[in-house]
$ cat run28.pdb   # PDB, C-alpha atoms
MODEL        1
ATOM      1  CA  MET A 165     104.210  29.006 117.071
ATOM      2  CA  LYS A 166     105.955  32.397 117.010
ATOM      3  CA  LEU A 167     105.364  32.660 113.279
ATOM      4  CA  LYS A 168     101.630  32.051 113.782
ATOM      5  CA  ILE A 169     101.400  34.790 116.437
ATOM      6  CA  ALA A 170     103.308  37.242 114.246
ATOM      7  CA  PHE A 171     101.047  36.407 111.303
ATOM      8  CA  LEU A 172      97.901  36.913 113.398
ATOM      9  CA  LEU A 173      99.189  40.279 114.656
ATOM     10  CA  PHE A 174      99.960  41.309 111.087
ATOM     11  CA  VAL A 175      96.466  40.372 109.922
ATOM     12  CA  PHE A 176      94.932  42.206 112.912
ATOM     13  CA  GLN A 177      96.894  45.379 112.122
ATOM     14  CA  ILE A 178      95.836  45.304 108.482
ATOM     15  CA  GLY A 179      92.195  44.844 109.416
ATOM     16  CA  PHE A 180      92.421  47.576 112.041
ATOM     17  CA  SER A 181      93.975  50.075 109.624
ATOM     18  CA  GLN A 182      91.470  49.398 106.850
ATOM     19  CA  SER A 183      88.337  49.450 109.012
ATOM     20  CA  GLU A 184      86.581  52.760 109.629
ATOM     21  CA  LYS A 185      86.198  53.720 113.271
ATOM     22  CA  THR A 186      84.233  56.390 115.105
ATOM     23  CA  ILE A 187      86.483  59.161 116.384
ATOM     24  CA  LYS A 188      85.203  61.087 119.384
ATOM     25  CA  GLY A 189      86.718  64.160 120.965
ATOM     26  CA  THR A 190      86.440  67.646 122.427
ATOM     27  CA  VAL A 191      87.845  70.873 120.997
ATOM     28  CA  LEU A 192      89.190  73.367 123.547
ATOM     29  CA  SER A 193      90.878  76.759 123.625
ATOM     30  CA  ASP A 194      92.251  78.182 126.868
ATOM     31  CA  ASN A 195      90.501  75.293 128.679
ATOM     32  CA  PHE A 196      87.100  76.381 127.334
ATOM     33  CA  PRO A 197      85.028  74.210 124.943
ATOM     34  CA  MET A 198      84.602  75.604 121.421
ATOM     35  CA  ALA A 199      81.281  75.296 119.624
ATOM     36  CA  LYS A 200      80.704  75.296 115.831
ATOM     37  CA  VAL A 201      84.252  74.290 114.930
ATOM     38  CA  ASP A 202      84.485  72.618 111.494
ATOM     39  CA  VAL A 203      85.983  69.128 111.763
ATOM     40  CA  VAL A 204      86.903  67.726 108.337
ATOM     41  CA  ASN A 205      88.271  64.320 107.388
ATOM     42  CA  PHE A 206      90.662  65.423 104.653
ATOM     43  CA  ASN A 207      90.763  61.959 103.057
ATOM     44  CA  SER A 208      87.062  61.013 103.021
ATOM     45  CA  LYS A 209      85.845  64.659 102.833
ATOM     46  CA  LYS A 210      83.338  63.932 105.619
ATOM     47  CA  SER A 211      82.763  66.771 108.052
ATOM     48  CA  THR A 212      80.883  67.783 111.165
ATOM     49  CA  LEU A 213      80.566  70.648 113.660
ATOM     50  CA  THR A 214      81.336  70.640 117.372
ATOM     51  CA  ASP A 215      78.346  71.069 119.703
ATOM     52  CA  THR A 216      77.926  73.627 122.497
ATOM     53  CA  GLU A 217      80.240  71.532 124.711
ATOM     54  CA  GLY A 218      82.933  71.392 122.027
ATOM     55  CA  LYS A 219      82.345  67.676 121.335
ATOM     56  CA  PHE A 220      82.475  66.029 117.916
ATOM     57  CA  VAL A 221      81.952  62.577 116.403
ATOM     58  CA  LEU A 222      83.400  61.658 113.014
ATOM     59  CA  THR A 223      84.413  58.421 111.311
ATOM     60  CA  GLY A 224      87.919  57.813 110.028
ATOM     61  CA  LYS A 225      90.605  55.243 109.321
ATOM     62  CA  LEU A 226      94.085  54.803 110.694
ATOM     63  CA  GLY A 227      96.479  57.327 109.107
ATOM     64  CA  GLU A 228      93.773  59.658 107.807
ATOM     65  CA  ILE A 229      93.953  63.372 108.570
ATOM     66  CA  LEU A 230      91.449  65.431 110.536
ATOM     67  CA  ILE A 231      91.503  69.196 110.069
ATOM     68  CA  PHE A 232      89.941  71.584 112.605
ATOM     69  CA  ILE A 233      88.909  75.002 111.307
ATOM     70  CA  ALA A 234      87.620  77.939 113.362
ATOM     71  CA  LYS A 235      87.551  81.615 112.491
ATOM     72  CA  GLY A 236      90.220  83.547 114.350
ATOM     73  CA  TYR A 237      92.206  80.398 115.232
ATOM     74  CA  ASP A 238      95.148  78.595 113.649
ATOM     75  CA  LEU A 239      94.224  75.599 111.534
ATOM     76  CA  LYS A 240      94.821  72.316 113.410
ATOM     77  CA  ARG A 241      95.928  69.137 111.625
ATOM     78  CA  VAL A 242      95.689  65.783 113.442
ATOM     79  CA  VAL A 243      96.677  62.352 112.080
ATOM     80  CA  ILE A 244      94.460  59.494 113.288
ATOM     81  CA  ASP A 245      96.537  56.898 115.131
ATOM     82  CA  ALA A 246      95.625  53.693 116.958
ATOM     83  CA  ASP A 247      95.500  55.427 120.335
ATOM     84  CA  MET A 248      93.100  58.033 119.009
ATOM     85  CA  MET A 249      90.794  55.339 117.613
ATOM     86  CA  LEU A 250      90.575  53.628 121.017
ATOM     87  CA  LYS A 251      90.005  56.724 123.160
ATOM     88  CA  GLN A 252      86.461  57.797 123.960
ATOM     89  CA  ASP A 253      87.349  61.486 124.250
ATOM     90  CA  ASN A 254      90.306  62.910 122.312
ATOM     91  CA  LEU A 255      91.262  66.440 123.339
ATOM     92  CA  VAL A 256      92.128  68.888 120.547
ATOM     93  CA  VAL A 257      93.444  72.335 121.494
ATOM     94  CA  LEU A 258      93.177  75.284 119.085
ATOM     95  CA  VAL A 259      95.449  78.305 119.328
ATOM     96  CA  LYS A 260      94.023  81.771 118.766
ATOM     97  CA  LYS A 261      95.640  83.866 116.058
ATOM     98  CA  PRO A 262      97.510  86.947 117.274
ATOM     99  CA  GLU A 263      95.299  89.996 116.797
ATOM    100  CA  GLU A 264      96.561  92.656 114.433
ATOM    101  CA  LEU A 265      96.347  96.197 115.737
ATOM    102  CA  GLN A 266      93.903  98.271 113.749
ATOM    103  CA  GLU A 267      95.056 101.650 112.451
ATOM    104  CA  VAL A 268      93.970 104.408 114.820
ATOM    105  CA  LEU A 269      92.947 107.765 113.397
ATOM    106  CA  ILE A 270      93.759 110.719 115.660
ATOM    107  CA  VAL A 271      91.446 113.720 115.328
ATOM    108  CA  LYS A 272      92.754 117.024 116.590
ATOM    109  CA  THR A 273      90.407 118.742 119.016
ATOM    110  CA  PRO A 274      90.678 122.226 120.510
ATOM    111  CA  SER A 275      92.734 122.244 123.722
ATOM    112  CA  ILE A 276      91.064 123.298 126.969
ATOM    113  CA  HIS A 277      93.198 125.612 129.064
ATOM    114  CA  LEU A 278      92.800 126.903 132.606
ATOM    115  CA  SER A 279      92.595 130.661 133.226
ATOM    116  CA  LYS A 280      96.249 130.582 134.329
ATOM    117  CA  ASP A 281      97.279 129.741 130.769
ATOM    118  CA  GLU A 282      98.907 132.880 129.344
ATOM    119  CA  LYS A 283      97.998 131.985 125.768
ATOM    120  CA  PHE A 284      94.368 131.501 126.747
ATOM    121  CA  GLU A 285      94.338 134.902 128.461
ATOM    122  CA  GLN A 286      95.961 136.514 125.422
ATOM    123  CA  ASP A 287      93.303 134.983 123.133
ATOM    124  CA  LYS A 288      90.593 136.527 125.312
ATOM    125  CA  LEU A 289      92.302 139.926 125.123
ATOM    126  CA  ASP A 290      92.560 139.536 121.333
ATOM    127  CA  ASP A 291      88.837 138.756 121.138
ATOM    128  CA  ILE A 292      88.044 141.909 123.152
ATOM    129  CA  ALA A 293      90.302 143.992 120.907
ATOM    130  CA  MET A 294      88.639 142.537 117.803
ATOM    131  CA  ASP A 295      85.208 143.355 119.234
ATOM    132  CA  LYS A 296      86.269 146.962 119.837
ATOM    133  CA  LEU A 297      87.668 147.178 116.309
ATOM    134  CA  GLN A 298      84.408 145.910 114.811
ATOM    135  CA  LYS A 299      82.445 148.540 116.794
ATOM    136  CA  THR A 300      84.813 151.270 115.593
ATOM    137  CA  LEU A 301      84.393 150.176 111.985
ATOM    138  CA  LYS A 302      80.623 150.170 112.393
ATOM    139  CA  ASN A 303      80.806 153.771 113.721
ATOM    140  CA  PRO A 304      83.594 155.398 111.659
ATOM    141  CA  GLY A 305      82.690 158.888 112.964
ATOM    142  CA  VAL A 306      83.349 157.904 116.577
ATOM    143  CA  TYR A 307      86.879 158.341 117.872
ATOM    144  CA  ASP A 308      87.806 156.626 121.168
ATOM    145  CA  GLY A 309      91.400 157.745 121.325
ATOM    146  CA  GLN A 310      92.803 154.274 120.555
ATOM    147  CA  THR A 311      92.635 154.052 116.773
ATOM    148  CA  ALA A 312      96.142 155.393 116.325
ATOM    149  CA  GLY A 313      97.516 152.663 118.580
ATOM    150  CA  ILE A 314      96.030 149.705 116.735
ATOM    151  CA  ASP A 315      98.528 146.911 116.010
ATOM    152  CA  PHE A 316      97.571 145.944 112.455
ATOM    153  CA  PHE A 317      99.890 142.908 112.516
ATOM    154  CA  LYS A 318      98.030 141.595 115.554
ATOM    155  CA  ILE A 319      94.710 142.223 113.813
ATOM    156  CA  ALA A 320      95.878 140.254 110.790
ATOM    157  CA  ASN A 321      96.965 137.450 113.086
ATOM    158  CA  MET A 322      93.570 137.407 114.831
ATOM    159  CA  ILE A 323      91.742 137.272 111.512
ATOM    160  CA  GLY A 324      93.953 134.361 110.498
ATOM    161  CA  LYS A 325      92.999 132.605 113.728
ATOM    162  CA  LEU A 326      89.309 132.965 112.906
ATOM    163  CA  PHE A 327      89.812 131.020 109.694
ATOM    164  CA  SER A 328      92.173 128.460 111.269
ATOM    165  CA  LYS A 329      89.539 127.376 113.808
ATOM    166  CA  GLU A 330      87.693 125.399 111.134
ATOM    167  CA  LYS A 331      87.415 121.715 112.049
ATOM    168  CA  GLU A 332      90.035 119.511 110.455
ATOM    169  CA  ILE A 333      88.573 116.862 108.173
ATOM    170  CA  VAL A 334      90.157 113.456 108.538
ATOM    171  CA  LYS A 335      90.178 111.498 105.310
ATOM    172  CA  ALA A 336      88.317 108.245 105.794
ATOM    173  CA  GLU A 337      90.256 105.238 104.648
ATOM    174  CA  SER A 338      88.589 102.560 102.587
ATOM    175  CA  PRO A 339      87.934  99.277 104.439
ATOM    176  CA  PRO A 340      90.669  96.621 104.085
ATOM    177  CA  ILE A 341      90.232  93.933 101.422
ATOM    178  CA  VAL A 342      89.470  90.463 102.770
ATOM    179  CA  PHE A 343      91.688  87.690 101.367
ATOM    180  CA  LYS A 344      88.800  85.563 100.045
ATOM    181  CA  ASP A 345      87.225  88.585  98.345
ATOM    182  CA  LEU A 346      90.596  89.392  96.803
ATOM    183  CA  ILE A 347      90.711  85.926  95.218
ATOM    184  CA  LYS A 348      87.127  86.189  93.916
ATOM    185  CA  ASN A 349      87.885  89.564  92.343
ATOM    186  CA  ASN A 350      90.996  88.316  90.522
ATOM    187  CA  PHE A 351      90.210  84.745  89.449
ATOM    188  CA  LYS A 352      87.312  82.892  87.838
ATOM    189  CA  PRO A 353      85.783  79.823  89.572
ATOM    190  CA  ASP A 354      87.429  77.368  87.127
ATOM    191  CA  PHE A 355      90.879  78.747  88.058
ATOM    192  CA  TYR A 356      91.128  76.280  90.943
ATOM    193  CA  THR A 357      90.389  73.195  88.857
ATOM    194  CA  LYS A 358      92.108  74.110  85.573
ATOM    195  CA  THR A 359      95.142  76.045  86.815
ATOM    196  CA  LEU A 360      95.711  74.756  90.343
ATOM    197  CA  HIS A 361      94.424  71.252  89.458
ATOM    198  CA  LEU A 362      92.239  70.990  92.540
ATOM    199  CA  LYS A 363      89.078  68.957  92.828
ATOM    200  CA  GLU A 364      85.856  70.952  93.200
ATOM    201  CA  ASP A 365      85.235  69.535  96.671
ATOM    202  CA  GLU A 366      88.744  70.619  97.743
ATOM    203  CA  VAL A 367      88.380  74.323  96.862
ATOM    204  CA  ALA A 368      86.632  75.514 100.047
ATOM    205  CA  LEU A 369      89.096  73.661 102.271
ATOM    206  CA  PHE A 370      92.018  74.989 100.211
ATOM    207  CA  LEU A 371      90.852  78.591 100.675
ATOM    208  CA  GLU A 372      90.624  78.063 104.440
ATOM    209  CA  PHE A 373      94.122  76.552 104.335
ATOM    210  CA  CYS A 374      95.430  79.673 102.553
ATOM    211  CA  ASP A 375      93.568  82.138 104.759
ATOM    212  CA  VAL A 376      95.183  80.915 107.995
ATOM    213  CA  ASP A 377      98.670  81.666 106.641
ATOM    214  CA  PRO A 378      99.976  85.025 108.003
ATOM    215  CA  LYS A 379     101.266  85.826 104.495
ATOM    216  CA  ALA A 380      97.632  86.196 103.401
ATOM    217  CA  ARG A 381      97.393  89.375 105.513
ATOM    218  CA  LEU A 382     100.383  90.885 103.654
ATOM    219  CA  ILE A 383      98.800  90.064 100.299
ATOM    220  CA  GLU A 384      95.538  91.697 101.407
ATOM    221  CA  LYS A 385      97.417  94.942 102.020
ATOM    222  CA  SER A 386      99.496  94.814  98.827
ATOM    223  CA  ASN A 387      96.575  93.781  96.548
ATOM    224  CA  ASN A 388      99.189  92.532  94.067
ATOM    225  CA  GLN A 389      97.850  89.943  91.604
ATOM    226  CA  LEU A 390     101.252  88.460  90.721
ATOM    227  CA  MET A 391     102.124  88.056  94.395
ATOM    228  CA  LEU A 392      98.709  86.470  94.988
ATOM    229  CA  LEU A 393      99.167  84.032  92.095
ATOM    230  CA  ASP A 394     102.614  82.962  93.330
ATOM    231  CA  PHE A 395     101.230  82.520  96.849
ATOM    232  CA  LEU A 396      98.348  80.312  95.643
ATOM    233  CA  HIS A 397     100.716  78.044  93.673
ATOM    234  CA  GLN A 398     102.966  77.706  96.709
ATOM    235  CA  LYS A 399     100.034  76.882  98.997
ATOM    236  CA  ARG A 400      98.703  74.404  96.422
ATOM    237  CA  ASP A 401     101.946  72.433  96.632
ATOM    238  CA  GLU A 402     101.774  72.457 100.442
ATOM    239  CA  PHE A 403      98.101  71.494 100.347
ATOM    240  CA  LYS A 404      98.796  68.486  98.122
ATOM    241  CA  LYS A 405     101.404  67.203 100.587
ATOM    242  CA  ILE A 406      98.923  67.034 103.476
TER     243      ILE A 406
ENDMDL
END
$ encode --input "run28.pdb" --output "structure tokens"
Amino acid sequence: MKLKIAFLLFVFQIGFSQSEKTIKGTVLSDNFPMAKVDVVNFNSKKSTLTDTEGKFVLTGKLGEILIFIAKGYDLKRVVIDADMMLKQDNLVVLVKKPEELQEVLIVKTPSIHLSKDEKFEQDKLDDIAMDKLQKTLKNPGVYDGQTAGIDFFKIANMIGKLFSKEKEIVKAESPPIVFKDLIKNNFKPDFYTKTLHLKEDEVALFLEFCDVDPKARLIEKSNNQLMLLDFLHQKRDEFKKI
């Protein structure tokens, strides 16, 4: 009798694992539903998108892998188990990627001083002295009794200040290279199938898999082809193990 029960359970488990079931669930982040998240069955290559309430419906078998992909979030990998196949609403939580601080350009602007600022007052006196000097030069025959006391070093300094007040030009930096664009610029489309030995329908998912790795950001900055090639081979091996 016990052997019959064990045999029936064994047959039931085999049938359950081989039959395709409908997997239902909701994708959340910080307790809020996430819309337009790509849900991919890695084994069958079937896919769908979550609706405005974060819900998804996708078929799968026991042991198959579901991958959840959303821009700005870590890739989520979930293995379908018996409990997941029985539940009517499986909760999947995505974690947001840490934001990288953008480089801030600081532009120097003229300082604003109050009248109590001695330097500000001295600049005003220098401007008055320069104005008097210009009038004297325009009327060389007029003597005001002050020409002999002119500080020519101060005049040279004031003239230098006139030229130094030009606005500083900040060199604009070129926009950063996006990882996917970096790959397109360095490798032909058949690189994935001939060199990395990927199937054509695996390429898009593989690129998403690579892009979520923090090392991809370092490669974007370095723009080094050898480093990129080594990284892609390493990620290919990891991708094949999923």
$ residues_around --input "run28.pdb" --residues "Ile406 of chain A" --least-positions-apart "2" --cutoff "9 Å" --atoms "all atoms listed in the file" --output "VMD selection string"
chain A and resid 206 229 241 402 to 404
$ atom_distance --input "run28.pdb" --atom1 "atom CA of Lys260 of chain A" --atom2 "atom CA of Ile233 of chain A"
11.3 Å
$ residues_around --input "run28.pdb" --residues "Ser211 of chain A" --least-positions-apart "4" --cutoff "8 Å" --atoms "only C-alpha atoms" --output "NGL selection string"
:A and (202-205 or 222)
$ atom_distance --input "run28.pdb" --atom1 "atom CA of Leu346 of chain A" --atom2 "atom CA of Glu384 of chain A"
7.1 Å
$ residues_around --input "run28.pdb" --residues "segment 390-398 of chain A" --least-positions-apart "4" --cutoff "12 Å" --atoms "only C-alpha atoms" --output "PyMOL selection string"
chain A and resi 343-344+346-351+355-356+359-362+367+370-375+377-386+402-405
$ write_last_selection --input "run28.pdb" --atoms "C-alpha atoms" --output "CSV table (one decimal), keeping the file's coordinate frame"
chain,number,residue,atom,x,y,z
A,343,PHE,CA,91.7,87.7,101.4
A,344,LYS,CA,88.8,85.6,100.0
A,346,LEU,CA,90.6,89.4,96.8
A,347,ILE,CA,90.7,85.9,95.2
A,348,LYS,CA,87.1,86.2,93.9
A,349,ASN,CA,87.9,89.6,92.3
A,350,ASN,CA,91.0,88.3,90.5
A,351,PHE,CA,90.2,84.7,89.4
A,355,PHE,CA,90.9,78.7,88.1
A,356,TYR,CA,91.1,76.3,90.9
A,359,THR,CA,95.1,76.0,86.8
A,360,LEU,CA,95.7,74.8,90.3
A,361,HIS,CA,94.4,71.3,89.5
A,362,LEU,CA,92.2,71.0,92.5
A,367,VAL,CA,88.4,74.3,96.9
A,370,PHE,CA,92.0,75.0,100.2
A,371,LEU,CA,90.9,78.6,100.7
A,372,GLU,CA,90.6,78.1,104.4
A,373,PHE,CA,94.1,76.6,104.3
A,374,CYS,CA,95.4,79.7,102.6
A,375,ASP,CA,93.6,82.1,104.8
A,377,ASP,CA,98.7,81.7,106.6
A,378,PRO,CA,100.0,85.0,108.0
A,379,LYS,CA,101.3,85.8,104.5
A,380,ALA,CA,97.6,86.2,103.4
A,381,ARG,CA,97.4,89.4,105.5
A,382,LEU,CA,100.4,90.9,103.7
A,383,ILE,CA,98.8,90.1,100.3
A,384,GLU,CA,95.5,91.7,101.4
A,385,LYS,CA,97.4,94.9,102.0
A,386,SER,CA,99.5,94.8,98.8
A,402,GLU,CA,101.8,72.5,100.4
A,403,PHE,CA,98.1,71.5,100.3
A,404,LYS,CA,98.8,68.5,98.1
A,405,LYS,CA,101.4,67.2,100.6
